[in-house]
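Structure file final_20.txt with compact mmCIF, C-alpha atoms and all ligand atoms:
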# COMPACT_ATOMS: atom_id res chain seq x y z
CA MET A 126 -46.67 55.78 12.72
CA ALA A 127 -48.96 53.04 11.54
CA PHE A 128 -51.61 51.92 13.98
CA LYS A 129 -50.98 48.48 15.46
CA THR A 130 -53.55 46.21 17.01
CA LYS A 131 -52.88 44.67 20.41
CA LYS A 132 -52.28 41.33 18.69
CA GLU A 133 -49.66 42.85 16.39
CA ILE A 134 -47.92 44.54 19.33
CA LEU A 135 -47.75 41.19 21.11
CA GLU A 136 -46.39 39.51 17.97
CA ASP A 137 -43.62 42.12 17.88
CA ILE A 138 -42.78 41.60 21.55
CA LEU A 139 -42.58 37.83 21.08
CA LEU A 140 -39.89 38.21 18.45
CA HIS A 141 -37.48 39.58 21.06
CA ASP A 142 -35.89 38.22 24.24
CA LYS A 143 -37.36 39.13 27.60
CA PRO A 144 -35.44 41.90 29.42
CA LYS A 145 -33.60 41.27 32.69
CA CYS A 146 -34.42 43.24 35.83
CA PRO A 147 -31.67 45.84 36.52
CA TYR A 148 -32.11 45.28 40.30
CA CYS A 149 -31.81 41.49 40.50
CA GLY A 150 -30.77 40.31 37.04
CA LYS A 151 -33.72 37.91 36.75
CA GLU A 152 -35.76 37.61 33.58
CA MET A 153 -38.84 39.82 33.75
CA SER A 154 -42.39 38.59 33.18
CA LEU A 155 -44.60 39.79 30.38
CA TRP A 156 -47.58 41.52 31.92
CA GLU A 157 -50.88 42.55 30.44
CA VAL A 158 -51.82 46.04 31.53
CA PRO A 159 -55.27 45.92 33.16
CA PRO A 160 -57.94 48.10 31.60
CA ILE A 161 -58.01 51.55 33.23
CA PRO A 162 -61.45 52.70 34.34
CA VAL A 163 -62.45 56.00 32.75
CA GLY A 164 -61.38 58.96 34.87
CA GLU A 165 -58.35 57.30 36.47
CA GLY A 166 -55.75 58.93 34.32
CA LEU A 167 -54.04 58.05 31.10
CA GLY A 168 -52.79 54.58 31.93
CA TRP A 169 -49.47 53.23 30.72
CA GLY A 170 -49.85 53.98 27.02
CA THR A 171 -49.07 50.36 26.13
CA PRO A 172 -51.08 47.14 26.41
CA TYR A 173 -48.06 45.17 27.68
CA LEU A 174 -45.22 45.74 30.12
CA PHE A 175 -42.43 43.59 31.48
CA ILE A 176 -42.37 43.38 35.29
CA CYS A 177 -39.92 41.75 37.70
CA PHE A 178 -42.03 39.48 39.93
CA ASN A 179 -39.01 38.01 41.70
CA ASP A 180 -39.88 38.15 45.43
CA GLU A 181 -36.14 38.23 46.26
CA CYS A 182 -35.54 41.26 44.03
CA SER A 183 -33.67 43.92 46.04
CA LEU A 184 -36.00 46.70 44.91
CA TYR A 185 -39.00 44.72 46.10
CA VAL A 186 -37.46 43.52 49.40
CA LYS A 187 -36.13 46.97 50.38
CA GLY A 188 -39.38 48.61 49.32
CA TRP A 189 -41.43 47.04 52.10
CA ALA A 190 -39.00 48.10 54.84
CA THR A 191 -38.44 51.62 53.51
CA MET A 192 -42.09 52.40 52.98
CA GLU A 193 -43.06 50.99 56.38
CA GLU A 194 -40.32 52.81 58.31
CA ASP A 195 -40.34 56.11 56.46
CA TYR A 196 -43.99 56.52 55.56
CA GLY A 197 -45.96 53.93 57.54
CA HIS A 198 -47.29 52.52 54.27
CA THR A 199 -47.62 48.81 53.64
CA CYS A 200 -46.46 48.72 50.09
CA SER A 201 -43.43 48.03 47.97
CA PHE A 202 -42.25 48.34 44.38
CA ARG A 203 -41.62 46.18 41.41
CA CYS A 204 -39.46 47.11 38.46
CA LEU A 205 -41.16 47.54 35.11
CA ASN A 206 -39.90 47.89 31.58
CA TYR A 207 -41.51 49.22 28.43
CA PRO A 208 -41.23 46.47 25.80
CA GLY A 209 -38.68 47.15 23.11
CA THR A 210 -36.95 49.90 25.14
CA ARG A 211 -34.25 50.25 27.81
CA GLN A 212 -36.69 52.29 29.86
CA PHE A 213 -37.08 50.87 33.39
CA GLU A 214 -39.45 52.32 35.97
CA ILE A 215 -40.99 51.23 39.25
CA MET A 216 -44.59 50.64 40.14
CA PRO A 217 -46.15 50.32 43.60
CA VAL A 218 -47.63 47.01 44.76
CA PHE A 219 -49.67 46.48 47.91
CA SER A 220 -49.24 42.74 48.38
CA ALA A 221 -46.97 39.88 47.32
CA THR A 222 -49.56 38.75 44.81
CA GLY A 223 -50.42 42.25 43.57
CA GLY A 224 -50.50 42.30 39.78
CA LYS A 225 -49.63 38.63 39.39
CA GLY A 226 -53.03 37.95 37.87
CA GLN A 227 -51.92 39.78 34.75
CA ILE A 228 -48.82 37.68 34.11
CA ILE A 229 -49.34 36.02 30.78
CA ASP A 230 -46.20 33.96 30.40
CA ASN A 231 -47.91 30.60 30.08
CA GLN A 232 -50.31 31.89 27.50
CA VAL A 233 -47.43 33.58 25.76
CA LEU A 234 -45.41 30.40 25.59
CA ALA A 235 -48.35 28.63 24.00
CA LYS A 236 -48.80 31.52 21.59
CA GLN A 237 -45.11 31.55 20.79
CA LYS A 238 -45.24 27.86 19.95
CA ALA A 239 -48.36 28.33 17.83
CA LEU A 240 -46.74 31.27 16.09
CA LYS A 241 -43.63 29.28 15.22
CA GLU A 242 -45.75 26.48 13.82
CA ALA A 243 -47.89 28.90 11.83
CA ILE A 244 -44.76 30.47 10.35
CA LYS A 245 -43.30 27.09 9.40
CA LYS A 246 -46.56 25.97 7.80
CA GLY A 247 -47.11 29.28 6.01
CA LEU A 248 -43.61 29.42 4.55
CA SER A 249 -43.90 25.86 3.28
CA ILE A 250 -47.23 26.60 1.55
CA LEU A 251 -45.72 29.72 0.00
CA GLU A 252 -42.73 27.80 -1.30
CA ASN A 253 -45.04 25.41 -3.15
CA CYS A 254 -47.11 28.30 -4.50
CA HIS A 255 -43.97 29.98 -5.79
CA VAL A 256 -43.00 26.87 -7.73
CA SER A 257 -46.51 26.29 -9.11
CA LYS A 258 -47.08 30.04 -9.69
CA ASP A 259 -50.26 29.92 -7.62
CA TRP A 260 -50.50 33.67 -7.01
CA ARG A 261 -54.12 33.46 -5.85
CA THR A 262 -53.17 31.53 -2.73
CA VAL A 263 -50.20 33.84 -2.13
CA LEU A 264 -52.49 36.86 -2.40
CA LYS A 265 -54.96 35.33 0.03
CA MET A 266 -52.23 34.75 2.60
CA LEU A 267 -50.78 38.22 2.11
CA LEU A 268 -54.19 39.79 2.78
CA ASP A 269 -54.93 37.57 5.78
CA ALA A 270 -54.26 39.48 9.01
CA ASN A 271 -54.28 36.17 10.90
CA GLU A 272 -51.15 35.00 9.12
CA PRO A 273 -47.90 35.80 10.98
CA LEU A 274 -46.03 38.87 9.81
CA ARG A 275 -43.06 36.74 8.63
CA VAL A 276 -45.37 34.77 6.35
CA ARG A 277 -47.05 37.88 4.96
CA ILE A 278 -43.70 39.49 4.18
CA GLN A 279 -42.60 36.37 2.33
CA ALA A 280 -45.94 36.35 0.47
CA ALA A 281 -45.33 39.97 -0.60
CA GLU A 282 -41.91 39.03 -1.99
CA ILE A 283 -43.27 36.08 -3.94
CA ILE A 284 -46.24 37.94 -5.34
CA GLY A 285 -43.87 40.45 -6.89
CA ASP A 286 -42.39 37.58 -8.89
CA ILE A 287 -45.51 35.69 -9.90
CA GLY A 288 -48.49 38.06 -9.39
CA GLU A 289 -50.76 39.09 -12.28
CA LEU A 290 -52.14 42.61 -12.68
CA ASP A 291 -55.32 41.44 -10.90
CA VAL A 292 -53.54 41.48 -7.55
CA ILE A 293 -52.83 45.22 -7.63
CA GLU A 294 -56.37 46.37 -6.88
CA PRO A 295 -56.86 44.16 -3.80
CA LEU A 296 -53.40 45.13 -2.55
CA ARG A 297 -54.14 48.84 -2.96
CA ASN A 298 -57.38 48.47 -1.02
CA GLN A 299 -55.82 46.78 1.99
CA LYS A 300 -54.43 48.52 5.08
CA PHE A 301 -51.32 46.56 6.04
CA GLY A 302 -50.43 48.32 9.29
CA TYR A 303 -46.79 47.30 9.46
CA LYS A 304 -44.27 49.67 7.90
CA LEU A 305 -42.09 46.84 6.61
CA LEU A 306 -45.05 45.02 5.10
CA ILE A 307 -46.33 48.20 3.44
CA LYS A 308 -42.89 48.67 1.88
CA LYS A 309 -42.74 45.05 0.65
CA VAL A 310 -46.20 45.34 -0.92
CA GLU A 311 -45.17 48.59 -2.58
CA ASP A 312 -42.08 46.88 -4.03
CA ALA A 313 -44.19 43.93 -5.21
CA ILE A 314 -46.60 46.23 -7.07
CA LYS A 315 -43.64 47.94 -8.77
CA LYS A 316 -42.25 44.57 -9.85
CA ILE A 317 -45.61 43.46 -11.23
CA HIS A 318 -45.95 46.67 -13.26
CA LYS A 319 -42.43 46.25 -14.57
CA ARG A 320 -43.14 42.73 -15.78
CA HIS A 321 -46.34 43.85 -17.49
CA PHE A 322 -45.07 47.20 -18.84
CA THR A 323 -47.87 48.99 -16.99
CA ARG A 324 -48.43 51.65 -14.37
CA GLU A 325 -51.37 53.28 -12.59
CA CYS A 326 -52.97 56.46 -13.91
CA PRO A 327 -52.19 59.23 -11.40
CA PHE A 328 -55.71 60.60 -11.82
CA CYS A 329 -58.09 57.64 -11.83
CA ALA A 330 -55.76 54.87 -10.58
CA GLU A 331 -56.70 52.50 -13.42
CA ILE A 332 -53.89 50.35 -14.78
CA ILE A 333 -52.59 51.67 -18.10
CA LYS A 334 -49.69 50.99 -20.43
CA LYS A 335 -46.41 52.43 -19.31
CA ARG A 336 -46.03 54.11 -22.75
CA ALA A 337 -49.52 55.67 -22.73
CA LYS A 338 -49.76 59.44 -23.20
CA ILE A 339 -53.48 59.62 -22.53
CA CYS A 340 -55.31 57.49 -19.97
CA ARG A 341 -57.78 55.25 -21.78
CA TYR A 342 -60.09 55.32 -18.76
CA CYS A 343 -60.33 58.96 -17.72
CA GLY A 344 -58.92 60.60 -20.89
CA LYS A 345 -56.45 62.75 -18.96
CA LYS A 346 -52.97 63.43 -20.23
CA VAL A 347 -50.44 61.31 -18.41
CA ILE A 348 -46.74 62.04 -18.62
CA GLU A 349 -44.86 59.16 -20.17
CA SER A 350 -42.72 57.59 -17.53
CA ALA A 351 -40.08 55.46 -19.14
CA THR A 352 -38.00 55.51 -16.02
CA GLN A 353 -40.72 54.36 -13.62
CA SER A 354 -39.87 50.91 -12.41
ZN ZN B 1 -35.86 42.33 40.05
ZN ZN B 2 -56.97 57.79 -15.73
Have the structure of the file written as structure tokens, please.
Amino acid sequence: MAFKTKKEILEDILLHDKPKCPYCGKEMSLWEVPPIPVGEGLGWGTPYLFICFNDECSLYVKGWATMEEDYGHTCSFRCLNYPGTRQFEIMPVFSATGGKGQIIDNQVLAKQKALKEAIKKGLSILENCHVSKDWRTVLKMLLDANEPLRVRIQAAEIIGDIGELDVIEPLRNQKFGYKLLIKKVEDAIKKIHKRHFTRECPFCAEIIKKRAKICRYCGKKVIESATQS
């Protein structure tokens, strides 16, 4: 499993629809998990959860009465969901406003809008680069972690078509994080080698001719790989 930053996790979540609460059917709110002070357990294991903040939700309404009558506790429950899963759980709340400070829907909407615009802009730049064979700009966008994932994936596809051998080293030295993006970059490198009749020496990683029997950099014997593509 590749490590994902909080920003990347949020980007993933934004690509999908919000889940509906199984108790009331209302759309759940995206919720930022508050930082857990050291020594208070393991936390939720995710930076974001979906929570039903509907005050008419049956789970929430019944919770107050049940907890008061049965246990003498003034608390209730809200339904929570782990993003990207069908896993629903409940969490205790101690007031009607409990946890609402962490709702990030408004911010998310703004981010979603910004993300859509960034994707549109990025794809349009890439289209022009593809036509003009400007692989330097494509490489820059592919390496830029601030570009949306969609744009970076498109950049990886284009660079396979127009990239020179110079792009291989920077691509090899970058950690891409996303499985899909790693795969696309891998495919792009293969395509670039194919177009240039080259490959990388398995010992020193320098770029050598596909037909070479001895690496001209490290002098080691390299098995000819006519089938490598
Ligand atoms: Zn609900
Ligand atoms: Zn070598």
**Request:** For ligand ZN 2 (chain B), list the contacting residues at 10 Å or closer, counting all atoms listed in the file, as a list in words.
**Result:**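 What falls inside 10 Å of ligand ZN 2 (chain B) is Glu325, Cys326, Pro327, Phe328, Cys329, Ala330, Glu331, Ile332, Ile333, Ile339, Cys340, Arg341, Tyr342, Cys343, Gly344, Lys345, Lys346 and Val347 of chain A.
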**Request:** Go through A:Ile317, A:Cys149, A:Ile176, A:Ile283 one by one, measure the shortest atom-to-atom distance of each to A:Asp259 using only C-alpha atoms, and give the residue with the smallest value.
**Result:**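 Smallest distance to A:Asp259 is found for A:Ile283.
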**Asked** Which protein, DNA or RNA residues have an atom within 9 Å of ligand ZN 1 (chain B), counting only C-alpha atoms and all ligand atoms, as a PyMOL selection string?
**Response** chain A and resi 145-153+176-185+203-205
Extending 4 Å beyond the listed atoms of stretch 283-288 of chain A on each side, what axis-aligned box results? I want centre and edge lengths in Å to one decimal, as JSON.
{"center_x": -45.4, "center_y": 38.1, "center_z": -6.9, "size_x": 14.1, "size_y": 12.8, "size_z": 14.0}
Using all atoms listed in the file, which residues of stretch 202-291 of chain A come within 10 Å of stretch 187-191 of chain A, and what is the closest atom pair for each, with the distance in Å to one decimal? Give it as a Markdown table, sorted by chain and residue number.
| residue | atom | partner | partner_atom | distance |
| --- | --- | --- | --- | --- |
| A:Phe202 | CA | A:Gly188 | CA | 5.7 |
| A:Arg203 | CA | A:Gly188 | CA | 8.6 |
| A:Pro217 | CA | A:Gly188 | CA | 9.0 |
| A:Val218 | CA | A:Gly188 | CA | 9.6 |
| A:Phe219 | CA | A:Trp189 | CA | 9.3 |
| A:Ser220 | CA | A:Trp189 | CA | 9.7 |
**Request:** Point out the residue among A:Leu240, A:Lys335, A:Gly288, A:Glu133 with the least atom-to-atom distance to A:Val263, counting only C-alpha atoms.
**Result:**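 Looking at the shortest contact to A:Val263, the residue is A:Gly288.
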